[in-house]
Structures are given as C-alpha cells and as structure tokens.
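**Student:** Below is the file final.csv, which contains CSV, C-alpha atoms.
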chain,number,residue,atom,x,y,z
A,1,MET,CA,6.3,-29.6,-11.4
A,2,THR,CA,8.6,-29.2,-8.4
A,3,THR,CA,10.6,-26.1,-7.8
A,4,GLN,CA,13.8,-28.1,-8.4
A,5,GLU,CA,12.5,-29.3,-11.8
A,6,ILE,CA,11.6,-25.8,-12.7
A,7,LEU,CA,15.1,-24.5,-11.9
A,8,LEU,CA,16.7,-27.3,-13.8
A,9,ARG,CA,14.7,-26.5,-16.9
A,10,ALA,CA,15.5,-22.8,-16.6
A,11,ARG,CA,19.2,-23.6,-16.3
A,12,GLY,CA,18.8,-25.7,-19.4
A,13,ALA,CA,17.6,-22.7,-21.3
A,14,LYS,CA,20.5,-20.5,-20.2
A,15,PRO,CA,22.9,-21.2,-23.0
A,16,ALA,CA,20.3,-20.5,-25.8
A,17,MET,CA,19.4,-17.2,-24.1
A,18,ALA,CA,23.1,-16.2,-23.7
A,19,LEU,CA,23.6,-16.8,-27.5
A,20,ALA,CA,20.4,-15.1,-28.7
A,21,ASP,CA,21.2,-12.0,-30.7
A,22,THR,CA,19.4,-8.7,-30.3
A,23,GLU,CA,17.1,-9.2,-33.3
A,24,ARG,CA,15.9,-12.6,-32.0
A,25,LYS,CA,15.3,-11.2,-28.4
A,26,ASN,CA,13.4,-8.2,-29.7
A,27,ALA,CA,11.2,-10.3,-32.0
A,28,ALA,CA,10.4,-12.5,-28.9
A,29,LEU,CA,9.5,-9.4,-26.8
A,30,ARG,CA,7.2,-8.0,-29.5
A,31,ALA,CA,5.5,-11.4,-29.9
A,32,MET,CA,5.1,-11.6,-26.1
A,33,ALA,CA,3.4,-8.2,-26.1
A,34,ASP,CA,1.0,-9.3,-28.9
A,35,CYS,CA,0.3,-12.6,-27.1
A,36,LEU,CA,-0.4,-10.8,-23.9
A,37,LEU,CA,-3.1,-8.6,-25.5
A,38,ALA,CA,-4.5,-11.6,-27.3
A,39,ALA,CA,-4.9,-13.4,-24.0
A,40,GLU,CA,-6.6,-10.4,-22.3
A,41,ASP,CA,-9.9,-12.2,-21.6
A,42,ASP,CA,-8.1,-15.2,-20.0
A,43,ILE,CA,-5.9,-13.0,-17.9
A,44,LEU,CA,-8.8,-10.9,-16.7
A,45,ALA,CA,-10.9,-14.0,-15.8
A,46,ALA,CA,-8.0,-15.3,-13.8
A,47,ASN,CA,-7.6,-12.0,-12.1
A,48,VAL,CA,-11.3,-11.9,-11.0
A,49,LEU,CA,-10.7,-15.3,-9.3
A,50,ASP,CA,-7.6,-13.9,-7.5
A,51,LEU,CA,-9.6,-10.8,-6.4
A,52,GLN,CA,-12.5,-12.8,-5.1
A,53,ALA,CA,-10.2,-15.1,-3.1
A,54,ALA,CA,-8.3,-12.1,-1.7
A,55,LYS,CA,-11.3,-9.9,-0.8
A,56,GLY,CA,-11.6,-9.6,3.0
A,57,THR,CA,-8.1,-10.8,3.6
A,58,VAL,CA,-6.1,-7.8,2.4
A,59,SER,CA,-6.7,-4.0,2.5
A,60,ASP,CA,-8.4,-2.1,-0.3
A,61,VAL,CA,-5.2,-0.5,-1.4
A,62,MET,CA,-3.6,-4.0,-1.7
A,63,LEU,CA,-6.6,-5.1,-3.7
A,64,ASP,CA,-5.9,-2.3,-6.1
A,65,ARG,CA,-2.3,-3.5,-6.5
A,66,LEU,CA,-3.7,-7.0,-7.4
A,67,ALA,CA,-6.4,-5.8,-9.8
A,68,LEU,CA,-6.0,-5.8,-13.5
A,69,ASN,CA,-8.1,-4.2,-16.2
A,70,ARG,CA,-7.7,-3.7,-20.0
A,71,ASP,CA,-5.8,-0.4,-19.5
A,72,ARG,CA,-3.3,-2.1,-17.1
A,73,ILE,CA,-2.8,-5.0,-19.5
A,74,ALA,CA,-2.2,-2.6,-22.4
A,75,GLY,CA,0.3,-0.8,-20.2
A,76,MET,CA,2.1,-4.1,-19.5
A,77,ALA,CA,2.3,-4.8,-23.2
A,78,ASP,CA,3.5,-1.3,-23.9
A,79,GLY,CA,6.2,-1.8,-21.2
A,80,ILE,CA,7.4,-5.0,-23.0
A,81,ARG,CA,7.6,-3.1,-26.3
A,82,GLN,CA,9.6,-0.3,-24.7
A,83,VAL,CA,12.1,-2.9,-23.5
A,84,ALA,CA,12.4,-4.2,-27.0
A,85,GLY,CA,13.2,-0.7,-28.2
A,86,LEU,CA,16.0,-0.2,-25.7
A,87,PRO,CA,19.7,-0.8,-26.6
A,88,ASP,CA,20.9,-4.4,-25.9
A,89,PRO,CA,23.4,-4.3,-23.0
A,90,VAL,CA,24.8,-7.8,-23.7
A,91,GLY,CA,28.1,-7.7,-25.5
A,92,GLN,CA,28.8,-4.0,-24.8
A,93,VAL,CA,32.4,-3.3,-24.1
A,94,LEU,CA,32.5,-1.4,-20.8
A,95,ARG,CA,36.2,-0.7,-20.8
A,96,ARG,CA,39.1,-1.4,-23.2
A,97,VAL,CA,42.7,-1.5,-22.4
A,98,GLU,CA,45.6,-2.3,-24.7
A,99,ARG,CA,48.7,-3.3,-22.7
A,100,PRO,CA,52.3,-2.6,-23.6
A,101,ASN,CA,52.8,-6.3,-24.4
A,102,GLY,CA,50.0,-6.2,-27.0
A,103,LEU,CA,47.2,-7.8,-25.0
A,104,VAL,CA,43.8,-6.3,-25.6
A,105,ILE,CA,41.6,-6.5,-22.5
A,106,GLU,CA,37.9,-5.8,-22.8
A,107,ARG,CA,35.5,-5.7,-19.9
A,108,THR,CA,32.3,-6.9,-21.6
A,109,ALA,CA,28.7,-7.1,-20.4
A,110,VAL,CA,27.3,-10.6,-20.2
A,111,PRO,CA,24.0,-12.2,-19.0
A,112,MET,CA,23.6,-13.1,-15.4
A,113,GLY,CA,22.3,-16.6,-16.3
A,114,VAL,CA,19.2,-17.5,-14.3
A,115,ILE,CA,17.5,-14.6,-12.5
A,116,ALA,CA,14.9,-15.5,-9.9
A,117,ILE,CA,12.3,-13.0,-8.7
A,118,ILE,CA,10.2,-13.4,-5.6
A,119,TYR,CA,7.3,-11.0,-5.6
A,120,GLU,CA,3.9,-10.5,-3.9
A,121,SER,CA,0.5,-9.4,-5.2
A,122,ARG,CA,1.4,-7.3,-8.3
A,123,PRO,CA,0.6,-9.2,-11.5
A,124,ASN,CA,2.3,-6.6,-13.7
A,125,VAL,CA,5.6,-7.5,-12.2
A,126,THR,CA,5.3,-10.8,-14.0
A,127,SER,CA,5.6,-9.2,-17.5
A,128,ASP,CA,8.0,-6.5,-16.4
A,129,ALA,CA,10.5,-8.9,-14.8
A,130,ALA,CA,10.2,-11.4,-17.7
A,131,ALA,CA,10.8,-8.7,-20.4
A,132,LEU,CA,13.9,-7.3,-18.7
A,133,ALA,CA,15.5,-10.6,-17.8
A,134,LEU,CA,15.0,-12.0,-21.3
A,135,LYS,CA,16.3,-8.9,-23.1
A,136,ALA,CA,19.3,-9.1,-20.8
A,137,GLY,CA,19.9,-12.6,-22.1
A,138,SER,CA,19.0,-14.5,-18.9
A,139,ALA,CA,16.4,-17.1,-18.1
A,140,CYS,CA,13.8,-16.0,-15.7
A,141,VAL,CA,12.2,-17.9,-12.8
A,142,LEU,CA,9.2,-16.1,-11.2
A,143,ARG,CA,7.7,-16.9,-7.8
A,144,CYS,CA,4.7,-14.8,-7.0
A,145,GLY,CA,2.5,-14.6,-3.9
A,146,LYS,CA,-0.6,-16.9,-3.7
A,147,GLU,CA,-2.9,-13.9,-4.0
A,148,ALA,CA,-1.7,-13.3,-7.6
A,149,HIS,CA,-0.9,-16.8,-8.8
A,150,ARG,CA,-3.8,-17.4,-11.1
A,151,SER,CA,-3.2,-14.0,-12.8
A,152,ALA,CA,0.6,-14.7,-13.1
A,153,GLN,CA,-0.1,-18.1,-14.5
A,154,ALA,CA,-2.3,-16.7,-17.3
A,155,ILE,CA,0.3,-14.0,-18.0
A,156,VAL,CA,3.2,-16.4,-18.2
A,157,THR,CA,1.2,-18.8,-20.5
A,158,ALA,CA,0.7,-15.9,-22.9
A,159,LEU,CA,4.3,-14.8,-22.7
A,160,LYS,CA,5.6,-18.3,-23.4
A,161,ARG,CA,3.6,-18.3,-26.7
A,162,GLY,CA,5.6,-15.3,-27.7
A,163,LEU,CA,8.9,-17.0,-26.9
A,164,GLU,CA,7.8,-20.0,-28.9
A,165,GLN,CA,6.8,-17.9,-31.9
A,166,ALA,CA,10.3,-16.3,-31.9
A,167,GLY,CA,12.1,-19.6,-31.6
A,168,LEU,CA,13.5,-19.1,-28.1
A,169,PRO,CA,13.1,-21.8,-25.5
A,170,THR,CA,9.9,-21.5,-23.5
A,171,ASP,CA,11.8,-22.9,-20.4
A,172,ALA,CA,13.6,-19.5,-20.3
A,173,LEU,CA,10.4,-18.2,-18.5
A,174,MET,CA,9.2,-20.3,-15.6
A,175,LEU,CA,6.6,-19.7,-12.9
A,176,VAL,CA,7.1,-21.6,-9.6
A,177,GLU,CA,3.9,-23.6,-8.9
A,178,ASP,CA,4.4,-23.8,-5.1
A,179,THR,CA,3.3,-20.6,-3.4
A,180,THR,CA,4.2,-21.8,0.1
A,181,ARG,CA,7.2,-20.4,2.0
A,182,ALA,CA,9.1,-23.6,1.2
A,183,SER,CA,9.5,-22.6,-2.5
A,184,ALA,CA,10.8,-19.2,-1.5
A,185,ASN,CA,13.4,-20.8,0.8
A,186,GLU,CA,14.4,-23.2,-2.0
A,187,LEU,CA,15.1,-20.3,-4.3
A,188,MET,CA,17.2,-18.6,-1.7
A,189,ARG,CA,19.4,-21.6,-1.4
A,190,ALA,CA,19.5,-22.8,-5.0
A,191,ASN,CA,23.3,-22.4,-5.4
A,192,GLY,CA,24.4,-23.5,-8.9
A,193,LEU,CA,20.9,-23.0,-10.3
A,194,VAL,CA,20.1,-19.4,-9.5
A,195,ASP,CA,22.7,-16.7,-10.4
A,196,LEU,CA,20.8,-13.8,-9.0
A,197,LEU,CA,17.8,-13.5,-6.7
A,198,ILE,CA,15.7,-10.3,-6.5
A,199,PRO,CA,12.9,-10.0,-3.9
A,200,ARG,CA,10.1,-7.4,-4.6
A,201,GLY,CA,7.6,-6.9,-1.8
A,202,GLY,CA,7.3,-5.9,1.8
A,203,ALA,CA,10.0,-5.5,4.4
A,204,GLY,CA,9.4,-9.0,5.8
A,205,LEU,CA,10.1,-10.7,2.4
A,206,ILE,CA,13.1,-8.6,1.6
A,207,ARG,CA,14.6,-9.1,5.1
A,208,ALA,CA,14.0,-12.9,4.8
A,209,CYS,CA,15.9,-13.0,1.5
A,210,VAL,CA,18.8,-10.8,2.7
A,211,ASP,CA,19.2,-12.8,5.9
A,212,ASN,CA,18.7,-16.3,4.6
A,213,ALA,CA,19.8,-16.4,0.9
A,214,THR,CA,23.0,-18.3,0.0
A,215,VAL,CA,22.7,-17.2,-3.6
A,216,ASN,CA,23.5,-13.6,-4.8
A,217,VAL,CA,20.6,-11.3,-3.7
A,218,ILE,CA,19.8,-7.6,-4.4
A,219,GLU,CA,18.1,-5.8,-1.6
A,220,THR,CA,15.1,-3.9,-2.9
A,221,GLY,CA,12.4,-1.5,-2.3
A,222,THR,CA,11.2,-1.0,1.2
A,223,GLY,CA,10.3,2.7,1.0
A,224,ILE,CA,10.0,5.0,4.0
A,225,CYS,CA,10.1,8.0,1.8
A,226,HIS,CA,10.2,11.6,3.2
A,227,ILE,CA,9.1,14.9,1.9
A,228,TYR,CA,10.8,17.8,3.7
A,229,VAL,CA,9.1,21.2,3.3
A,230,ASP,CA,11.6,23.9,4.0
A,231,LYS,CA,10.9,27.4,5.2
A,232,ALA,CA,11.7,28.7,1.8
A,233,ALA,CA,9.2,26.4,0.0
A,234,ASP,CA,6.4,27.5,-2.3
A,235,LEU,CA,3.6,26.1,-0.1
A,236,ASP,CA,1.2,25.5,-3.0
A,237,MET,CA,3.9,23.4,-4.7
A,238,ALA,CA,4.6,21.6,-1.5
A,239,LEU,CA,0.9,20.6,-1.1
A,240,ASP,CA,0.7,19.4,-4.6
A,241,ILE,CA,3.8,17.3,-4.2
A,242,LEU,CA,2.7,15.9,-0.9
A,243,THR,CA,-0.8,15.0,-2.3
A,244,ASN,CA,0.7,13.3,-5.3
A,245,ALA,CA,3.4,11.5,-3.3
A,246,LYS,CA,1.0,10.2,-0.7
A,247,CYS,CA,-2.3,9.7,-2.5
A,248,SER,CA,-1.7,8.9,-6.2
A,249,ARG,CA,-0.9,5.3,-5.3
A,250,PRO,CA,-0.3,4.8,-1.6
A,251,SER,CA,0.5,1.1,-1.9
A,252,VAL,CA,3.7,1.4,-3.8
A,253,CYS,CA,7.3,1.8,-2.5
A,254,ASN,CA,7.9,5.3,-3.8
A,255,ALA,CA,4.9,6.8,-2.0
A,256,ALA,CA,5.6,9.2,0.8
A,257,GLU,CA,5.2,7.9,4.3
A,258,VAL,CA,6.6,10.9,6.3
A,259,CYS,CA,6.2,14.7,6.0
A,260,LEU,CA,8.9,16.8,7.7
A,261,VAL,CA,8.0,20.5,8.1
A,262,HIS,CA,10.3,23.4,9.0
A,263,ARG,CA,9.3,24.8,12.4
A,264,ASP,CA,9.0,28.4,11.1
A,265,ILE,CA,6.2,27.5,8.5
A,266,ALA,CA,4.5,24.7,10.5
A,267,PRO,CA,1.7,27.0,11.8
A,268,THR,CA,0.9,28.0,8.2
A,269,LEU,CA,1.5,24.8,6.3
A,270,LEU,CA,0.0,22.2,8.6
A,271,PRO,CA,-3.6,23.5,8.7
A,272,ARG,CA,-3.5,23.7,4.9
A,273,LEU,CA,-2.1,20.1,4.8
A,274,ARG,CA,-4.9,18.8,6.9
A,275,GLU,CA,-7.5,20.7,4.8
A,276,ARG,CA,-6.0,19.2,1.6
A,277,LEU,CA,-5.5,15.6,2.7
A,278,VAL,CA,-8.4,15.2,5.1
A,279,ASN,CA,-11.2,17.6,4.6
A,280,GLU,CA,-11.0,18.1,0.8
A,281,ARG,CA,-10.7,14.4,0.3
A,282,LEU,CA,-13.7,13.6,2.5
A,283,GLY,CA,-15.7,16.3,0.7
A,284,ALA,CA,-14.8,14.7,-2.7
A,285,GLY,CA,-15.8,11.2,-1.5
A,286,GLN,CA,-12.2,10.0,-1.4
A,287,VAL,CA,-10.3,8.2,1.4
A,288,PRO,CA,-8.9,10.8,3.8
A,289,VAL,CA,-5.3,10.5,5.0
A,290,GLU,CA,-4.8,9.7,8.6
A,291,LEU,CA,-2.2,12.2,9.9
A,292,ARG,CA,0.0,10.7,12.7
A,293,LEU,CA,1.5,13.8,14.4
A,294,ASP,CA,4.5,14.3,16.6
A,295,THR,CA,4.1,16.5,19.7
A,296,ALA,CA,4.9,19.8,17.9
A,297,ALA,CA,2.6,19.0,15.0
A,298,ALA,CA,-0.2,17.9,17.3
A,299,ALA,CA,-0.1,21.3,19.0
A,300,ILE,CA,-1.1,22.9,15.7
A,301,ILE,CA,-3.6,20.6,14.1
A,302,ASP,CA,-5.8,17.6,15.0
A,303,GLY,CA,-4.8,14.1,14.2
A,304,THR,CA,-3.6,10.9,15.7
A,305,PRO,CA,-0.7,11.1,18.1
A,306,ALA,CA,2.3,9.4,16.6
A,307,ASP,CA,4.5,7.0,18.4
A,308,GLU,CA,8.2,6.3,17.5
A,309,ALA,CA,7.2,3.3,15.4
A,310,ASP,CA,5.2,5.4,13.0
A,311,PHE,CA,8.4,7.0,11.7
A,312,ASP,CA,9.8,3.6,11.0
A,313,THR,CA,6.8,2.1,9.2
A,314,GLU,CA,6.1,1.7,5.5
A,315,PHE,CA,2.3,2.2,5.8
A,316,LEU,CA,1.4,1.4,2.1
A,317,ASP,CA,-1.9,3.1,3.0
A,318,TYR,CA,-3.6,6.5,3.4
A,319,ILE,CA,-1.5,7.3,6.5
A,320,LEU,CA,1.2,10.0,6.8
A,321,ALA,CA,3.5,10.5,9.7
A,322,VAL,CA,4.2,14.2,10.3
A,323,SER,CA,7.1,15.8,12.3
A,324,VAL,CA,8.2,19.4,12.9
A,325,VAL,CA,12.0,19.9,12.5
A,326,ASP,CA,14.6,22.6,13.0
A,327,GLY,CA,15.6,23.3,9.4
A,328,VAL,CA,17.4,21.3,6.8
A,329,GLU,CA,19.9,19.8,9.2
A,330,GLY,CA,17.1,18.6,11.4
A,331,ALA,CA,15.4,17.0,8.4
A,332,MET,CA,18.6,15.3,7.4
A,333,ALA,CA,19.2,14.0,10.9
A,334,HIS,CA,15.6,12.6,11.0
A,335,ILE,CA,16.0,11.0,7.6
A,336,ALA,CA,19.4,9.5,8.5
A,337,THR,CA,17.7,7.8,11.5
A,338,HIS,CA,14.6,6.5,9.9
A,339,SER,CA,15.2,6.3,6.1
A,340,THR,CA,15.4,3.0,4.2
A,341,GLY,CA,17.5,4.7,1.6
A,342,HIS,CA,14.8,4.7,-1.2
A,343,SER,CA,13.7,8.2,-2.1
A,344,GLU,CA,13.8,11.5,-0.3
A,345,CYS,CA,12.6,15.0,-1.3
A,346,ILE,CA,13.2,18.6,-0.3
A,347,VAL,CA,10.7,21.3,-1.3
A,348,THR,CA,12.5,24.7,-1.2
A,349,ALA,CA,13.3,27.8,-3.3
A,350,ASP,CA,16.6,28.1,-1.3
A,351,ALA,CA,19.4,26.8,-3.6
A,352,ALA,CA,21.9,26.4,-0.8
A,353,ALA,CA,19.4,24.4,1.3
A,354,ALA,CA,18.7,22.2,-1.7
A,355,ARG,CA,22.4,21.6,-2.4
A,356,THR,CA,23.0,20.6,1.3
A,357,PHE,CA,20.1,18.2,1.2
A,358,LEU,CA,20.9,16.6,-2.2
A,359,SER,CA,24.6,16.1,-1.2
A,360,GLY,CA,24.0,15.1,2.4
A,361,VAL,CA,21.0,12.7,2.2
A,362,ASP,CA,22.0,9.0,1.6
A,363,ALA,CA,19.4,7.5,-0.6
A,364,ALA,CA,19.0,5.8,-4.0
A,365,ALA,CA,17.1,8.9,-5.3
A,366,VAL,CA,17.0,12.4,-3.9
A,367,TYR,CA,14.6,15.0,-5.2
A,368,HIS,CA,14.4,18.8,-5.2
A,369,ASN,CA,10.8,20.1,-5.9
A,370,ALA,CA,9.4,16.9,-7.3
A,371,SER,CA,7.3,13.9,-6.1
A,372,THR,CA,9.1,10.7,-4.9
A,373,ARG,CA,6.6,8.9,-7.1
A,374,PHE,CA,9.0,9.3,-10.0
A,375,THR,CA,11.4,6.7,-8.7
A,376,ASP,CA,10.4,4.2,-11.3
A,377,GLY,CA,12.2,2.5,-14.2
A,378,GLY,CA,9.8,3.8,-16.8
A,379,GLU,CA,9.9,7.4,-15.5
A,380,PHE,CA,13.7,7.2,-15.5
A,381,GLY,CA,13.8,6.1,-19.1
A,382,LEU,CA,14.8,2.5,-18.4
A,383,GLY,CA,11.6,0.9,-19.9
A,384,CYS,CA,10.0,-1.1,-17.1
A,385,GLU,CA,12.0,-2.0,-14.0
A,386,MET,CA,13.0,-5.1,-12.1
A,387,GLY,CA,12.8,-3.3,-8.8
A,388,ILE,CA,14.3,-0.4,-6.8
A,389,SER,CA,17.7,-1.4,-5.3
A,390,THR,CA,18.4,0.2,-1.9
A,391,GLN,CA,21.8,-1.3,-1.5
A,392,LYS,CA,25.1,0.1,-2.8
A,393,LEU,CA,26.9,-2.7,-4.4
A,394,HIS,CA,26.3,-3.6,-8.1
A,395,ALA,CA,23.0,-1.7,-8.5
A,396,ARG,CA,21.3,1.2,-6.8
A,397,GLY,CA,17.9,2.7,-7.6
A,398,PRO,CA,15.6,1.5,-10.4
A,399,MET,CA,17.1,-1.6,-12.0
A,400,GLY,CA,16.9,-1.8,-15.8
A,401,LEU,CA,18.8,-3.8,-18.4
A,402,GLU,CA,22.3,-2.7,-17.5
A,403,GLU,CA,21.8,-3.6,-13.9
A,404,LEU,CA,20.7,-7.2,-14.9
A,405,CYS,CA,24.0,-7.9,-16.6
A,406,CYS,CA,27.3,-9.1,-15.1
A,407,TYR,CA,30.6,-8.7,-17.0
A,408,LYS,CA,33.7,-10.7,-17.8
A,409,TYR,CA,37.1,-9.8,-19.2
A,410,ILE,CA,37.8,-10.9,-22.7
A,411,VAL,CA,41.5,-10.9,-23.4
A,412,ARG,CA,42.9,-11.2,-26.9
A,413,GLY,CA,46.6,-11.9,-27.6
A,414,GLY,CA,49.0,-13.0,-30.2
A,415,GLY,CA,51.0,-15.7,-28.3
A,416,GLN,CA,52.1,-13.6,-25.3
A,417,ILE,CA,53.3,-15.5,-22.3
A,418,ARG,CA,54.1,-14.3,-18.8
Represent the supplied structure as structure tokens.
**Tutor:**
Amino acid sequence: MTTQEILLRARGAKPAMALADTERKNAALRAMADCLLAAEDDILAANVLDLQAAKGTVSDVMLDRLALNRDRIAGMADGIRQVAGLPDPVGQVLRRVERPNGLVIERTAVPMGVIAIIYESRPNVTSDAAALALKAGSACVLRCGKEAHRSAQAIVTALKRGLEQAGLPTDALMLVEDTTRASANELMRANGLVDLLIPRGGAGLIRACVDNATVNVIETGTGICHIYVDKAADLDMALDILTNAKCSRPSVCNAAEVCLVHRDIAPTLLPRLRERLVNERLGAGQVPVELRLDTAAAAIIDGTPADEADFDTEFLDYILAVSVVDGVEGAMAHIATHSTGHSECIVTADAAAARTFLSGVDAAAVYHNASTRFTDGGEFGLGCEMGISTQKLHARGPMGLEELCCYKYIVRGGGQIR
C-alpha cells in the first residue's frame, strides 16, 4: 500500500474517531493491551529479525533501544492501560464566557484529526503513540525506521485486533510500509491529510522535519542535558544523580550529556566522578564512561581532551563532557549557549542558587536535586508520552493527551444578531 493510500484511509477513519465516546475508546485500549500480550511470541520473533539485521550497523546502546523482551512488552501493555485510565480530554470545556448579549462561548478541546509520527528504532513508541493518539480521538499514522519495521508491523497487527474487537475502524491506526526517506518527505508535505506531524528521533530527523514540513509539526526531543554541581552540593547525592542520569539508559533523550562543576569543588568532585564512572564500572564489568574534559577539568583528572563540538553533541552513549565553571551564573551562561532546551539540573543545598537556576534556565524541564531521567510522560503522571517537546508554542515538555488536542469555540445563542 502506498503512503498516499495509507493517509487516505486514516483520513477516512477520522470522523468515527472524533465521535467515539470515552467508554468505546477505553474499551479499545484495553483490548489493544490484551491483544499485544497475546501476540507476544510473534512480536519477539519479529524483533529477533530486526536485531539480527541491525547488528554490526548500529552501536550496542542503540541495539538496546531496539530490543524487546517479555518485560518490555508487558510494560507497553501496562502503558496502554494507564492511558485508558486517564481522563478523556476530548470535549472538556477549557474556558466559558457568557456575554452581555446572552451568547455562551465555550472553548472546547477537540481531536487533532490525523496525527503522523516519524520515529526511529524504538518499537515501544509504536504502542505509546497509538494509545495516546487514539484516546485523544485522532487517527494515527506511524512511520518507523527500517531497523524496527518488522517489530512495529507485528505490534500494529496486534493493536488493530483490539480496535476491531471494540468496534472502532482499524484504519485509525496505520503503519507506513515504505521506510525510505521518500515516505518521510511525503508525510512532511501531506497538507490536507496530516493535521499534526511529530518527529521522534535524532537531531537530523527532527531538523529535517522542522525545516521541510509544510504540515503542522512539533519540534521534539534532542537532549543535550546538563547536570550542574554547585559548590554547596551534597557530593554523594551529586554522584548518584550523575551516575543515574548518564548510565541508567544513555541512549535516551533525557540522559545527561554534560557535567558542569563549580570551580571551588572541582578538585574534590572530579576525582570521585572518575572513580565512580570509570574505575568502578570497569571493576564491575560495566561499560566505563568516557570523560571528555575541558582544560580546567583535564588539569585535575585524566580523560579525553574535549573540543568545542563535544559540548554541542547528543552522544546517546557512555560519553560525558565535563567543564569547570565559575558558579551558578557561569553554569547558566554555558547552558544558554549549548542547551537544546530539554532538561537541565542543579545539585545544591543553597536555596538561593537553586531559585536563580530554576528561574533563569530556559528549558522544558528544570530540576533541583533530581536526575534528568525523570523527564518522561509516565514519570510526570501523563501515562505514556508522544515525545518531549522542546518548542514553546502549543506544547512543551512531555506530551500527553491534553497536548494532542486542539480546541474550537462552541457558541450557543438564542437568535442574537450583530
């Protein structure tokens, strides 16, 4: 089936999804979760083929993003059920005004229509995106990277069974069959067929969509996330946060890529940082973190000399750029120059320094004494997420159901004329 035919079928399902009530949508989501678990063996078999094809062409951390297992599939099903349990945003009255002439004007949340998602090698995005779009009353068109296509096809096949069981059109969930760049370009220019385009992936994909799309697009997720360790920080806490933010899952957009250290504590913290992220990990048989050090940091510990590009790179790997700065103002200046506006953190016991950082740093999420790895729809109580928006119009941060709705004004009168 061509991409154009897929888009036409999704558009055909749009009216039924817009009219579906909350009970019907929730029944469909619960059935989708059940069907996903029932198809576990088929999904895992497809994923093995994807992994075999990708091995040797992508890094180990990217293979981990691609890999599925029974626990991850169970997590995907649980995410769908969580979305079913969330309040339905469609039809909510966001603002109500009664005018002196008797007109009642209600700004009301309505579905987007057809939401297209371009994503790369994370099969779990398939179910997350589908669940959120369908609960928000929209049809969903998915276009994944070639590395994950077999897995995504098996997942979509299972989810469609759930839609069918609940009496909703299976065309409301479509997977683009063409994994070449041509299909991505077609989605970017599908005016009249795509109401909203959301890219999820690396900087190149997101930039291509932002620069070339003629449909509405939300800029998401490139994450050059910083952890600033202030002179008043609890160093044990700082090391725990840095270890989690860098090493728990380095291939995701909320992982830390840069550590900024106050000059006064650098001689104490940096040797401990190297011990924790390099020596201890080597001793435990884990992948050590490569530390890319600016001149001041390199004068204190051994590592790889950093060049300027290292502070503008989303590594998505066991690599951490390290810079020594002159206090919270220096950290904020560095972040203003190099941040992608995703997630930034200060570790400090100084309340005034924390207030300055939280107020002055321009990012979708700012943290005080907590890992940037929490920037996630599930962790923020949104169920699963469609992505992390790093723009400022319409949606910012983790995008859940409310961010996937538009609104219209419903005006009720009794014969008023102007």
**Student:** Find the nearest atom pair between each residue of segment 15-132 of chain A and segment 383-394 of chain A for residues within 9 Å, count only C-alpha atoms, give distances in Å to one decimal, sort rows by chain and ascending number, and present the table as CSV.
**Tutor:**
residue,atom,partner,partner_atom,distance
A:Met76,CA,A:Cys384,CA,8.8
A:Gly79,CA,A:Cys384,CA,5.6
A:Ile80,CA,A:Cys384,CA,7.5
A:Arg81,CA,A:Gly383,CA,8.5
A:Gln82,CA,A:Gly383,CA,5.3
A:Val83,CA,A:Gly383,CA,5.3
A:Ala84,CA,A:Gly383,CA,8.8
A:Gly85,CA,A:Gly383,CA,8.6
A:Leu86,CA,A:Gly383,CA,7.4
A:Ile117,CA,A:Met386,CA,8.6
A:Val125,CA,A:Met386,CA,7.8
A:Asp128,CA,A:Cys384,CA,5.8
A:Ala129,CA,A:Met386,CA,5.3
A:Ala130,CA,A:Met386,CA,8.9
A:Ala131,CA,A:Cys384,CA,8.3
A:Leu132,CA,A:Met386,CA,7.0
**Student:** Pick from A:Ala116, A:Val411, A:Ile301, A:Ala364: nearest to Gly397 of chain A, with all atoms listed in the file counted?
**Tutor:**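 Closest residue, counting all atoms listed in the file: A:Ala364.
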**Student:** Mind pulling up the distance from atom CA of Phe357 of chain A to atom CA of Val252 of chain A?
**Tutor:**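 A separation of 24.0 Å between them.
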**Student:** Could you give me, as CSV, a per-residue list for segment 172-250 of chain A showing, wherever an atom lies at most 10 Å from an atom of segment 265-271 of chain A, the closest pair of atoms and their distance in Å to one decimal, using only C-alpha atoms and sorting by chain then residue number from low to high?
**Tutor:**
residue,atom,partner,partner_atom,distance
A:Val229,CA,A:Ile265,CA,8.7
A:Asp230,CA,A:Ile265,CA,7.9
A:Lys231,CA,A:Ile265,CA,5.7
A:Ala232,CA,A:Ile265,CA,8.8
A:Ala233,CA,A:Ile265,CA,9.1
A:Leu235,CA,A:Leu269,CA,6.9
A:Asp236,CA,A:Leu269,CA,9.3
A:Ala238,CA,A:Leu269,CA,9.0
A:Leu239,CA,A:Leu269,CA,8.5
**Student:** Please list, as a PyMOL selection string, the residues that have an atom at most 12 Å away from (23.2, -5.2, -22.4) in the coordinates of this file, counting all atoms listed in the file.
**Tutor:** chain A and resi 18+21-22+25+83-84+86-94+108-112+132-138+400-407
**Student:** Find the residues near segment 150-167 of chain A: any atom within 9 Å, counting all atoms listed in the file, skip ones fewer than 6 places away on the same chain, and give them as a PyMOL selection string.
**Tutor:** chain A and resi 24-40+42-50+66+68+122-127+130+142+144+173-175+177
**Student:** Measuring atom to atom with all atoms listed in the file, identify which of A:Ile224, A:Val324, A:Ala331, A:Ile73 is nearest to Ser251 of chain A.
**Tutor:**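 Among the listed residues, A:Ile224 lies closest to Ser251 of chain A.
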**Student:** What is the atom CA of Asn254 of chain A-atom CA of Leu320 of chain A distance in Å, reported with one decimal?
**Tutor:**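 Separation between atom CA of Asn254 of chain A and atom CA of Leu320 of chain A: 13.4 Å.
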**Student:** Let me make sure I understand: among A:Leu316, A:Ala184, A:Leu103, A:Ala284, which one has the smallest atom-to-atom distance to Asp64 of chain A if we use all atoms listed in the file?
**Tutor:**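 For Asp64 of chain A, the nearest of the given residues is A:Leu316.
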**Student:** Please provide as a ChimeraX atom specification all residues within 8 Å of Thr214 of chain A, with the sequence filter that same-chain residues fewer than 3 positions apart are discarded (counting only C-alpha atoms).
**Tutor:** /A:188-191
**Student:** When you count all atoms listed in the file, which of these residues is closest to Ser248 of chain A: A:Glu280, A:Asp310, A:Asp317, A:Glu98?
**Tutor:**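 Between A:Glu280, A:Asp310, A:Asp317, A:Glu98, the residue approaching Ser248 of chain A most closely is A:Asp317.
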**Student:** Need to verify the contact set: Val322 of chain A, 9 Å, all atoms listed in the file, exclusion of same-chain residues closer than 4 positions in sequence. Can you return it as a PDB file with C-alpha atoms, in the frame of the given file?
**Tutor:**
ATOM      1  CA  GLU A 257       5.200   7.900   4.300  1.00  0.00           C
ATOM      2  CA  VAL A 258       6.600  10.900   6.300  1.00  0.00           C
ATOM      3  CA  CYS A 259       6.200  14.700   6.000  1.00  0.00           C
ATOM      4  CA  LEU A 260       8.900  16.800   7.700  1.00  0.00           C
ATOM      5  CA  VAL A 261       8.000  20.500   8.100  1.00  0.00           C
ATOM      6  CA  LEU A 291      -2.200  12.200   9.900  1.00  0.00           C
ATOM      7  CA  ARG A 292       0.000  10.700  12.700  1.00  0.00           C
ATOM      8  CA  LEU A 293       1.500  13.800  14.400  1.00  0.00           C
ATOM      9  CA  ASP A 294       4.500  14.300  16.600  1.00  0.00           C
ATOM     10  CA  ALA A 297       2.600  19.000  15.000  1.00  0.00           C
ATOM     11  CA  ALA A 306       2.300   9.400  16.600  1.00  0.00           C
ATOM     12  CA  PHE A 311       8.400   7.000  11.700  1.00  0.00           C
TER      13      PHE A 311
END
